[in-house]
Structures are given as C-alpha cells and as structure tokens.
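One structure below.
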Protein chains: 2
Amino acid sequence: MAEDALDAQIGYNLRRASAFALNDFAVELTDAALRPVTYAMLALIDEKPGIRAAELCRLLGMKSANMAPLLAELEERGLVERDDHAGDKRVQVLALTKAARAAMPGWRQQVRRHEDRFLHRLTKKERATLLRLLRLIWTDDD
Amino acid sequence: MAEDALDAQIGYNLRRASAFALNDFAVELTDAALRPVTYAMLALIDEKPGIRAAELCRLLGMKSANMAPLLAELEERGLVERDDHAGDKRVQVLALTKAARAAMPGWRQQVRRHEDRFLHRLTKKERATLLRLLRLIWTDDD
DNA sequence: AGAAATTGCTATGTTGCATAGCTATCGTGT
DNA sequence: ACACGATAGCTATGCAACATAGCAATTTCT
C-alpha cells in the first residue's frame with residue numbers, strides 16, 4: 001500500500017468508519033426516533049441536569065442556530081424542559097422530563113448494543129485505545 | 001467517567017473526530033476546490049485508471065445516484081474522462097485527464113499536510129494503530 | 001425467449017452544518 | 001450612569017452528503 005494511497009489515509013478511514021457507525025446507530029434507534037445528535041443532547045442533559053443551552057452547544061460542538069429547532073422538537077415530544085435561569089434572563093436551563101428520565105436507561109442500553117455490534121471485531125483493549133486516540137484528535141484540553 | 005457516558009462512547013467520538021478532520025480538510029483544500037468525496041474519487045481513479053463508475057461507487061461506498069452529478073462536475077472541470085467500455089455498452093470507463101494527473105502530486109501533498117496537522121498529537125505508531133482499528137470497523141474483508 | 005440483474009441517470013427529500021441577521025439581556029469601562 | 005461589546009437564543013437560508021424511487025438501456029441467467 002502506497003504511502004499516500006487513499007486506503008492509507010486516516011481521514012478517509014475516519015469518514016468511512018463514522019458513516020458505518022452512524023448507519024448502525026440508525027438501525028438500533030429508529031424506533032426510538034433518536035438520531036445521534038438528539039441522543040447526544042439527551043444524554044448530556046441527563047448527565048448535567050440544569051445545563052444551559054449555550055453550554056450544551058459548546059460541549060457538543062454545535063451552533064445555537066442548529067440547536068434551537070432540535071430543542072424545540074425535544075420539548076414538543078415531552079422529553080426536555082426549558083426553564084428560565086434565576087439570575088440571567090437570557091439563559092435557558094435544561095432538564096429531562098420525568099418521561100425522558102424513565103426512558104434513558106433503555107436508550108442507553110440500545111446504544112451499548114449498537115456499540116457492541118459495530119465494534120465487534122475490536123477487543124476491549126483495542127476499544128480503549130481507539131477511544132483515547134480519537135479524543136486526541138478532536139479535543140483541545142486533555 | 002461512567003460506563004455509558006457520552007464521552008465514553010466510541011460512536012460519538014468517531015463522529016466528533018471525523019467532523020474535525022473534515023473541517024481541516026476544507027481548510028487545506030478549498031483553494032483546490034476539492035472536497036473529501038471528490039478527492040477520494042480522483043485519488044482512486046488515479047490509482048486504478050480505467051476503473052468503471054460502478055466499481056468506483058462500490059469502493060467508495062457511494063450510490064450511483066450521488067456519484068453521477070459529481071462525475072459530471074469533474075468532467076466539466078476537465079479532470080476526469082469518461083469513455084465507453086469495449087464490450088459492455090452500459091459501462092463507463094474512467095481515467096484522469098492529463099491536467100488532473102499533473103495536479104495530483106500537489107493535491108496528495110496537501111492531503112499529507114492536512115493529515116499531519118489534525119493528527120499532530122499522535123505518534124507514527126499510534127497512527128498506524130488507529131488506521132488498523134478504523135479499518136476493522138468498516139471493512140468486511142481483511 | 002423471457003426473467004432478473006446491472007449500469008448510469010434524474011428527481012426529490014432528509015439531515016447535519018454553515019452564515020447572516022435579529023432581539024433581549026448582561027457586564028464592563030469610562 | 002450609560003454607551004459599548006459580549007452573550008444567549010432565535011429565524012431564515014444555503015449547501016453538501018446521503019437516501020429512495022423510478023427510468024431506460026443493456027447484459028446475464030435460466
């Protein structure tokens with residue numbers, strides 16, 4: 001394999017692997033009507049109840065322009081609550097509804113199944129390595 | 001970090017890392033007016049001159065519905081030639097034009113620079129490992 | 001010969017993400 | 001105190017990647 005052959009490029013393989021995983025995610029979670037982005041939002045709100053919308057944007061690398069309609073959708077579906085912040089009228093504070101909190105464990109398990117499926121050829125150690133290397137690519141801090 | 005925290009999910013990190021790389025690709029190759037998909041097409045046609053369009057679709061995981069307008073664009077720009085296949089009138093045979101063959105080395109070098117930039121925190125060994133693990137995810141054979 | 005598969009294409013919808021521009025609010029510096 | 005810049009959330013809009021449906025021409029299978 002040549003030095004700069006397409007197959008040898010990590011960017012290309014990242015894109016293919018990501019697309020593959022995205023696809024498999026849909027297989028597992030279409031019935032829950034959750035896409036990777038919406039699941040990520042719910043998971044993070046679950047982990048950090050009371051998080052601000054702007055903080056959610058930063059953590060997920062999204063623009064608030066794209067976040068807004070998604071939050072509206074999740075609120076519409078009765079999964080997310082938006083409350084006013086006490087001291088800052090600009091801020092919205094987010095939390096999962098009772099229904100969403102009840103559903104999260106099942107969704108998390110579906111995601112675990114999904115991960116186990118598309119990673120079935122990697123050992124536990126390899127998965128940990130992959131996780132570490134991927135974070136080295138896109139995170140600033142460490 | 002919890003077992004099923006968002007940060008611990010490889011799918012999520014794959015998506016973030018891929019998006020990061022995609023972004024950096026654009027930084028390096030907007031002036032060449034090449035996107036990841038079009039570059040991949042050119043690189044593969046360069047490596048396998050005379051390849052059929054359908055085979056290119058299979059290798060890149062694309063639908064011919066999406067490939068067709070991209071090939072038309074590349075032909076329009078004088079980078080790709082589409083010729084009839086000798087024995088099968090359905091088939092189109094692809095090759096780079098002289099101009100594209102002349103430009104490829106420069107583009108390949110730009111891609112190398114791009115990869116070195118977004119992978120700067122990974123050692124050579126780590127890059128090889130990452131490549132291997134990513135291929136384990138999305139390729140069938142091996 | 002007839003049925004099924006392949007090739008390349010158009011039309012079209014969805015999703016993720018970008019920019020531009022807006023209002024309301026907050027914090028800072030003078 | 002007050003103007004200015006930054007922040008928060010939003011709408012409108014465009015683009016690129018990808019999916020499905022359907023089509024016509026051709027080839028291959030039975």
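Chain labels A, B, ... are given in the sequence in which chains occur in the structure tokens; within each chain residues are numbered consecutively from 1, and ligands are likewise numbered from 1 in the order shown.
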
> Within 10 Å of C:DT23, counting only C-alpha atoms (C1' of nucleotides), which residues qualify if same-chain residues fewer than 2 places away don't, as a list in words?
Replying inline: DT25 of chain C; DG9 and DC10 of chain D

>> Which residues are near D:DC18? Cut-off 12 Å, only C-alpha atoms (C1' of nucleotides), ignore same chain within fewer than 2 positions. Put them as JSON, numbers by chain.
In response: {"A": [19, 22, 23], "B": [37, 61, 62, 63, 64, 65, 66, 67], "C": [13, 14, 15, 16], "D": [16, 20]}

Would you mind exporting the chosen residues as a compact mmCIF listing (two decimals), in the first residue's frame, restricted to N, CA and C atoms (P, O5', C5', C4', C3', O3' and C1' of nucleotides)?
```txt
# COMPACT_ATOMS: atom_id res chain seq x y z
N ALA A 19 -19.33 6.92 9.14
CA ALA A 19 -20.55 6.69 8.37
C ALA A 19 -21.14 5.32 8.71
N LEU A 22 -22.70 5.57 12.15
CA LEU A 22 -23.94 6.37 12.05
C LEU A 22 -25.07 5.50 11.54
N ASN A 23 -24.78 4.74 10.52
CA ASN A 23 -25.75 3.85 9.92
C ASN A 23 -26.27 2.82 10.92
N VAL B 37 -15.00 13.94 -0.79
CA VAL B 37 -15.55 12.97 -1.73
C VAL B 37 -14.91 13.08 -3.10
N GLY B 61 -18.28 3.35 -1.39
CA GLY B 61 -19.50 3.25 -0.61
C GLY B 61 -20.54 4.28 -0.98
N MET B 62 -20.55 4.67 -2.26
CA MET B 62 -21.50 5.68 -2.70
C MET B 62 -22.58 5.05 -3.57
N LYS B 63 -23.72 5.72 -3.63
CA LYS B 63 -24.77 5.33 -4.56
C LYS B 63 -24.49 6.00 -5.89
N SER B 64 -24.81 5.29 -6.96
CA SER B 64 -24.54 5.86 -8.28
C SER B 64 -25.37 7.12 -8.49
N ALA B 65 -26.50 7.20 -7.80
CA ALA B 65 -27.32 8.41 -7.89
C ALA B 65 -26.55 9.65 -7.43
N ASN B 66 -25.69 9.47 -6.45
CA ASN B 66 -24.92 10.60 -5.95
C ASN B 66 -23.60 10.76 -6.70
N MET B 67 -23.13 9.66 -7.24
CA MET B 67 -21.87 9.70 -7.98
C MET B 67 -22.03 10.45 -9.30
P DG C 13 -39.67 16.68 -2.82
O5' DG C 13 -39.16 16.00 -1.46
C5' DG C 13 -39.50 14.63 -1.18
C4' DG C 13 -38.68 14.13 -0.02
C3' DG C 13 -38.57 15.13 1.14
O3' DG C 13 -38.76 14.45 2.38
C1' DG C 13 -36.40 14.52 0.39
P DT C 14 -38.84 15.29 3.75
O5' DT C 14 -37.56 14.80 4.55
C5' DT C 14 -37.10 13.46 4.38
C4' DT C 14 -35.77 13.28 5.08
C3' DT C 14 -35.58 14.21 6.29
O3' DT C 14 -35.07 13.45 7.37
C1' DT C 14 -33.77 14.45 4.77
P DT C 15 -35.00 14.13 8.84
O5' DT C 15 -33.44 14.26 9.04
C5' DT C 15 -32.59 13.20 8.60
C4' DT C 15 -31.15 13.64 8.64
C3' DT C 15 -30.84 14.59 9.81
O3' DT C 15 -29.69 14.09 10.49
C1' DT C 15 -30.07 15.53 7.77
P DG C 16 -29.26 14.80 11.88
O5' DG C 16 -27.94 15.57 11.46
C5' DG C 16 -26.88 14.85 10.85
C4' DG C 16 -25.81 15.81 10.41
C3' DG C 16 -25.41 16.83 11.48
O3' DG C 16 -23.99 16.90 11.53
C1' DG C 16 -26.08 17.96 9.51
P DA D 16 -21.87 23.01 -2.03
O5' DA D 16 -21.45 21.69 -1.24
C5' DA D 16 -20.96 21.81 0.09
C4' DA D 16 -21.13 20.49 0.80
C3' DA D 16 -20.96 19.26 -0.09
O3' DA D 16 -20.22 18.29 0.62
C1' DA D 16 -23.08 19.20 0.93
P DT D 20 -31.91 3.73 1.15
O5' DT D 20 -33.27 4.21 0.48
C5' DT D 20 -34.05 5.22 1.09
C4' DT D 20 -35.25 5.54 0.20
C3' DT D 20 -35.70 4.42 -0.73
O3' DT D 20 -37.12 4.39 -0.75
C1' DT D 20 -35.11 6.33 -2.01
```

Lay chain B over chain A using all C-alpha atoms, matched one to one in order, with a least-squares fit; then write it out as a compact mmCIF listing (two decimals) with C-alpha atoms, in the first residue's frame.
```txt
# COMPACT_ATOMS: atom_id res chain seq x y z
CA MET B 1 0.06 0.11 0.01
CA ALA B 2 1.53 3.42 -1.08
CA GLU B 3 2.35 6.12 1.40
CA ASP B 4 -0.43 8.42 0.31
CA ALA B 5 -2.88 5.91 -1.10
CA LEU B 6 -6.46 6.63 -0.25
CA ASP B 7 -6.69 3.52 1.91
CA ALA B 8 -3.73 4.72 3.97
CA GLN B 9 -5.32 8.03 4.84
CA ILE B 10 -6.72 8.25 8.29
CA GLY B 11 -9.13 11.00 7.36
CA TYR B 12 -10.73 8.80 4.74
CA ASN B 13 -10.99 5.84 7.07
CA LEU B 14 -12.37 8.07 9.82
CA ARG B 15 -15.09 9.19 7.47
CA ARG B 16 -15.95 5.66 6.37
CA ALA B 17 -15.94 4.30 9.92
CA SER B 18 -18.04 7.19 11.16
CA ALA B 19 -20.56 6.71 8.38
CA PHE B 20 -20.70 3.01 9.18
CA ALA B 21 -21.35 3.72 12.84
CA LEU B 22 -23.95 6.38 12.04
CA ASN B 23 -25.76 3.86 9.91
CA ASP B 24 -25.72 1.23 12.61
CA PHE B 25 -26.96 3.76 15.14
CA ALA B 26 -30.01 4.34 12.97
CA VAL B 27 -30.64 0.60 12.77
CA GLU B 28 -30.81 0.37 16.55
CA LEU B 29 -32.58 3.61 17.41
CA THR B 30 -35.02 4.47 14.67
CA ASP B 31 -37.86 2.99 16.67
CA ALA B 32 -36.95 5.31 19.53
CA ALA B 33 -36.93 8.17 16.99
CA LEU B 34 -33.51 9.24 18.24
CA ARG B 35 -30.71 10.33 15.98
CA PRO B 36 -27.11 10.60 17.09
CA VAL B 37 -27.43 14.33 17.70
CA THR B 38 -30.64 14.18 19.65
CA TYR B 39 -29.41 11.24 21.68
CA ALA B 40 -26.23 13.14 22.50
CA MET B 41 -28.28 16.10 23.65
CA LEU B 42 -30.47 13.97 25.89
CA ALA B 43 -27.52 12.03 27.28
CA LEU B 44 -25.67 15.20 28.17
CA ILE B 45 -28.69 16.90 29.71
CA ASP B 46 -29.19 13.72 31.71
CA GLU B 47 -25.61 13.80 32.94
CA LYS B 48 -25.69 17.52 33.70
CA PRO B 49 -29.25 18.48 34.68
CA GLY B 50 -29.72 22.23 34.75
CA ILE B 51 -27.18 22.74 31.97
CA ARG B 52 -27.57 25.87 29.88
CA ALA B 53 -28.40 25.64 26.21
CA ALA B 54 -25.27 27.57 25.27
CA GLU B 55 -23.13 25.20 27.33
CA LEU B 56 -24.76 22.25 25.61
CA CYS B 57 -23.84 23.82 22.28
CA ARG B 58 -20.23 24.19 23.31
CA LEU B 59 -19.92 20.66 24.65
CA LEU B 60 -21.48 19.12 21.56
CA GLY B 61 -19.75 21.42 19.10
CA MET B 62 -23.02 22.69 17.71
CA LYS B 63 -24.16 26.14 16.65
CA SER B 64 -27.10 27.49 18.60
CA ALA B 65 -28.78 28.09 15.25
CA ASN B 66 -28.95 24.34 14.77
CA MET B 67 -29.58 23.52 18.40
CA ALA B 68 -32.69 25.69 18.71
CA PRO B 69 -35.06 23.72 16.47
CA LEU B 70 -33.80 20.43 17.92
CA LEU B 71 -34.52 21.59 21.45
CA ALA B 72 -37.94 22.71 20.30
CA GLU B 73 -38.54 19.26 18.86
CA LEU B 74 -37.46 17.52 22.07
CA GLU B 75 -39.62 19.83 24.15
CA GLU B 76 -42.54 19.21 21.80
CA ARG B 77 -42.09 15.47 22.33
CA GLY B 78 -42.15 15.97 26.09
CA LEU B 79 -38.54 14.90 26.65
CA VAL B 80 -36.88 18.16 27.63
CA GLU B 81 -37.94 21.05 29.86
CA ARG B 82 -36.70 24.58 29.26
CA ASP B 83 -36.77 26.84 32.32
CA ASP B 84 -35.68 30.42 32.85
CA HIS B 85 -32.43 30.97 34.64
CA ALA B 86 -32.70 32.69 37.99
CA GLY B 87 -30.15 35.44 37.58
CA ASP B 88 -29.77 35.80 33.83
CA LYS B 89 -32.85 36.39 31.74
CA ARG B 90 -31.08 35.40 28.52
CA VAL B 91 -30.32 31.91 29.71
CA GLN B 92 -32.40 28.78 29.37
CA VAL B 93 -31.82 25.96 31.79
CA LEU B 94 -32.41 22.44 30.52
CA ALA B 95 -33.55 19.25 32.19
CA LEU B 96 -35.06 15.95 31.16
CA THR B 97 -38.71 15.40 31.85
CA LYS B 98 -39.78 12.54 34.10
CA ALA B 99 -40.72 10.55 31.02
CA ALA B 100 -37.32 11.06 29.44
CA ARG B 101 -35.51 10.13 32.65
CA ALA B 102 -37.52 6.94 32.75
CA ALA B 103 -36.70 6.12 29.15
CA MET B 104 -32.98 6.92 29.26
CA PRO B 105 -31.77 3.60 30.74
CA GLY B 106 -33.39 1.71 27.89
CA TRP B 107 -31.96 4.04 25.31
CA ARG B 108 -28.51 3.81 26.87
CA GLN B 109 -28.73 0.06 26.65
CA GLN B 110 -29.70 0.26 23.01
CA VAL B 111 -26.67 2.42 22.39
CA ARG B 112 -24.50 -0.13 24.18
CA ARG B 113 -25.89 -2.84 21.91
CA HIS B 114 -25.18 -0.65 18.90
CA GLU B 115 -21.59 -0.05 20.00
CA ASP B 116 -21.04 -3.74 20.67
CA ARG B 117 -22.30 -4.52 17.20
CA PHE B 118 -20.23 -2.15 15.11
CA LEU B 119 -17.17 -2.73 17.29
CA HIS B 120 -17.50 -6.51 17.44
CA ARG B 121 -14.14 -7.03 15.72
CA LEU B 122 -12.27 -4.97 18.33
CA THR B 123 -11.14 -6.31 21.68
CA LYS B 124 -11.90 -4.42 24.87
CA LYS B 125 -8.34 -3.19 24.94
CA GLU B 126 -8.48 -2.06 21.34
CA ARG B 127 -11.67 -0.16 22.05
CA ALA B 128 -10.01 1.70 24.90
CA THR B 129 -7.08 2.55 22.65
CA LEU B 130 -9.37 3.74 19.89
CA LEU B 131 -11.25 5.92 22.34
CA ARG B 132 -8.04 7.50 23.54
CA LEU B 133 -6.73 8.17 20.04
CA LEU B 134 -10.01 9.63 18.81
CA ARG B 135 -10.10 12.01 21.75
CA LEU B 136 -6.56 13.09 20.97
CA ILE B 137 -7.76 14.19 17.57
CA TRP B 138 -10.70 16.40 18.38
CA THR B 139 -10.36 17.58 21.97
CA ASP B 140 -8.31 20.62 22.92
CA ASP B 141 -7.74 19.89 26.57
CA ASP B 142 -6.39 16.64 27.98
```

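Our summary of the geometry notes that atom C1' of D:DT27 is positioned 12.4 Å from atom C1' of C:DA3.
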
Compile a residue-level contact table for chain D against chain A at a cut-off of 12 Å, reporting for every qualifying residue the shortest atom pair and its distance in Å to one decimal, with only C-alpha atoms (C1' of nucleotides) counted, rows ordered by chain and ascending number, as JSON lines.
```
{"residue": "D:DT7", "atom": "C1'", "partner": "A:Arg90", "partner_atom": "CA", "distance": 8.4}
{"residue": "D:DA8", "atom": "C1'", "partner": "A:Arg90", "partner_atom": "CA", "distance": 5.2}
{"residue": "D:DG9", "atom": "C1'", "partner": "A:Ser64", "partner_atom": "CA", "distance": 7.2}
{"residue": "D:DC10", "atom": "C1'", "partner": "A:Ala68", "partner_atom": "CA", "distance": 7.0}
{"residue": "D:DT11", "atom": "C1'", "partner": "A:Ala65", "partner_atom": "CA", "distance": 8.4}
{"residue": "D:DA12", "atom": "C1'", "partner": "A:Ala65", "partner_atom": "CA", "distance": 10.2}
{"residue": "D:DT13", "atom": "C1'", "partner": "A:Ala65", "partner_atom": "CA", "distance": 11.5}
{"residue": "D:DA17", "atom": "C1'", "partner": "A:Ala19", "partner_atom": "CA", "distance": 10.5}
{"residue": "D:DC18", "atom": "C1'", "partner": "A:Ala19", "partner_atom": "CA", "distance": 10.0}
{"residue": "D:DA19", "atom": "C1'", "partner": "A:Asn23", "partner_atom": "CA", "distance": 11.4}
```

Writer output for current selection, C-alpha atoms (C1' of nucleotides), as a CSV table (one decimal), in the first residue's frame:
```csv
chain,number,residue,atom,x,y,z
D,7,DT,C1',-23.6,36.6,25.3
D,8,DA,C1',-28.0,33.9,24.7
D,9,DG,C1',-31.4,32.3,21.9
D,10,DC,C1',-33.8,32.5,17.7
D,11,DT,C1',-35.3,32.6,12.4
D,12,DA,C1',-34.2,32.3,7.7
D,13,DT,C1',-31.5,30.4,4.4
D,17,DA,C1',-23.7,14.3,1.9
D,18,DC,C1',-26.6,10.8,1.6
D,19,DA,C1',-31.1,8.1,0.8
```

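For chain C, the residues close to chain B, meaning within 8 Å and counting only C-alpha atoms (C1' of nucleotides), are DT7, DG8 and DC9 of chain C.
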
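For the pair atom C1' of D:DA6 and atom C1' of C:DC17, the separation is 24.0 Å.
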
> as a ChimeraX atom specification, which residues of chain A does DSSP assign to strand (DSSP E)?
Replying inline: /A:51-52,80-84,92-96

For the residues selected in the previous step, produce a file with N, CA and C atoms as a PDB file, in the first residue's frame.
```pdb
ATOM      1  N   ILE A  51     -28.158  22.168  32.911  1.00  0.00           N
ATOM      2  CA  ILE A  51     -27.175  22.745  31.989  1.00  0.00           C
ATOM      3  C   ILE A  51     -27.835  23.822  31.136  1.00  0.00           C
ATOM      4  N   ARG A  52     -27.065  24.816  30.776  1.00  0.00           N
ATOM      5  CA  ARG A  52     -27.584  25.886  29.920  1.00  0.00           C
ATOM      6  C   ARG A  52     -27.501  25.441  28.463  1.00  0.00           C
ATOM      7  N   VAL A  80     -37.735  17.151  27.002  1.00  0.00           N
ATOM      8  CA  VAL A  80     -36.862  18.162  27.609  1.00  0.00           C
ATOM      9  C   VAL A  80     -37.709  19.318  28.121  1.00  0.00           C
ATOM     10  N   GLU A  81     -37.304  19.841  29.284  1.00  0.00           N
ATOM     11  CA  GLU A  81     -37.943  21.028  29.842  1.00  0.00           C
ATOM     12  C   GLU A  81     -36.993  22.209  29.758  1.00  0.00           C
ATOM     13  N   ARG A  82     -37.521  23.355  29.334  1.00  0.00           N
ATOM     14  CA  ARG A  82     -36.720  24.572  29.293  1.00  0.00           C
ATOM     15  C   ARG A  82     -37.245  25.530  30.344  1.00  0.00           C
ATOM     16  N   ASP A  83     -36.408  25.871  31.307  1.00  0.00           N
ATOM     17  CA  ASP A  83     -36.821  26.799  32.363  1.00  0.00           C
ATOM     18  C   ASP A  83     -35.939  28.035  32.356  1.00  0.00           C
ATOM     19  N   ASP A  84     -36.516  29.122  32.838  1.00  0.00           N
ATOM     20  CA  ASP A  84     -35.750  30.365  32.908  1.00  0.00           C
ATOM     21  C   ASP A  84     -34.685  30.260  33.988  1.00  0.00           C
ATOM     22  N   GLN A  92     -31.497  29.824  29.232  1.00  0.00           N
ATOM     23  CA  GLN A  92     -32.446  28.735  29.433  1.00  0.00           C
ATOM     24  C   GLN A  92     -31.736  27.586  30.122  1.00  0.00           C
ATOM     25  N   VAL A  93     -32.415  27.033  31.084  1.00  0.00           N
ATOM     26  CA  VAL A  93     -31.847  25.917  31.831  1.00  0.00           C
ATOM     27  C   VAL A  93     -32.585  24.650  31.422  1.00  0.00           C
ATOM     28  N   LEU A  94     -31.825  23.629  31.122  1.00  0.00           N
ATOM     29  CA  LEU A  94     -32.417  22.423  30.539  1.00  0.00           C
ATOM     30  C   LEU A  94     -32.435  21.254  31.511  1.00  0.00           C
ATOM     31  N   ALA A  95     -33.473  20.456  31.399  1.00  0.00           N
ATOM     32  CA  ALA A  95     -33.556  19.233  32.185  1.00  0.00           C
ATOM     33  C   ALA A  95     -34.413  18.232  31.433  1.00  0.00           C
ATOM     34  N   LEU A  96     -34.190  16.963  31.724  1.00  0.00           N
ATOM     35  CA  LEU A  96     -35.043  15.940  31.133  1.00  0.00           C
ATOM     36  C   LEU A  96     -36.381  15.919  31.877  1.00  0.00           C
TER      37      LEU A  96
END
```

May I have the residues within 12 Å of D:DC2 as a compact mmCIF listing (two decimals) with N, CA and C atoms (P, O5', C5', C4', C3', O3' and C1' of nucleotides), in the first residue's frame, using only C-alpha atoms (C1' of nucleotides) and disregarding those fewer than 6 positions away in the same chain?
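Final file, part_7.txt:
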```
# COMPACT_ATOMS: atom_id res chain seq x y z
P DT C 28 -17.96 42.05 34.55
O5' DT C 28 -17.42 43.23 33.61
C5' DT C 28 -17.15 42.96 32.24
C4' DT C 28 -16.58 44.20 31.57
C3' DT C 28 -15.72 45.06 32.48
O3' DT C 28 -14.57 45.49 31.76
C1' DT C 28 -17.50 46.37 31.60
P DG C 29 -13.38 46.22 32.57
O5' DG C 29 -13.30 47.63 31.85
C5' DG C 29 -13.57 47.72 30.44
C4' DG C 29 -13.74 49.19 30.08
C3' DG C 29 -12.83 50.13 30.87
O3' DG C 29 -12.44 51.20 30.02
C1' DG C 29 -15.09 50.65 31.32
P DT C 30 -11.23 52.13 30.44
O5' DT C 30 -11.88 53.57 30.38
C5' DT C 30 -12.66 53.93 29.24
C4' DT C 30 -13.71 54.94 29.64
C3' DT C 30 -13.15 56.15 30.41
O3' DT C 30 -13.45 57.33 29.70
C1' DT C 30 -15.15 55.31 31.40
```

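We find atom C1' of C:DT12 and atom C1' of D:DT26 to be spaced 26.1 Å apart.
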
> Which parts of chain A does DSSP call helix (DSSP H, G or I) when run on the backbone here, written out as a PyMOL selection string?
Replying inline: chain A and resi 6-8+10-29+36-47+53-60+64-76+98-118+124-138

Can you list, as a short mmCIF file (atom, residue, chain, number, x, y, z; two decimals) with C-alpha atoms (C1' of nucleotides), in the first residue's frame, every protein, DNA or RNA residue that comes within 12 Å of D:DG14 when you count only C-alpha atoms (C1' of nucleotides), leaving out same-chain residues fewer than 5 positions away?
```cif
data_model
loop_
_atom_site.label_atom_id
_atom_site.label_comp_id
_atom_site.auth_asym_id
_atom_site.auth_seq_id
_atom_site.Cartn_x
_atom_site.Cartn_y
_atom_site.Cartn_z
"C1'" DC C 17 -23.88 22.00 9.46
"C1'" DA C 18 -22.64 26.95 7.98
"C1'" DT C 19 -23.57 32.09 7.73
"C1'" DA C 20 -26.24 36.23 8.29
#
```
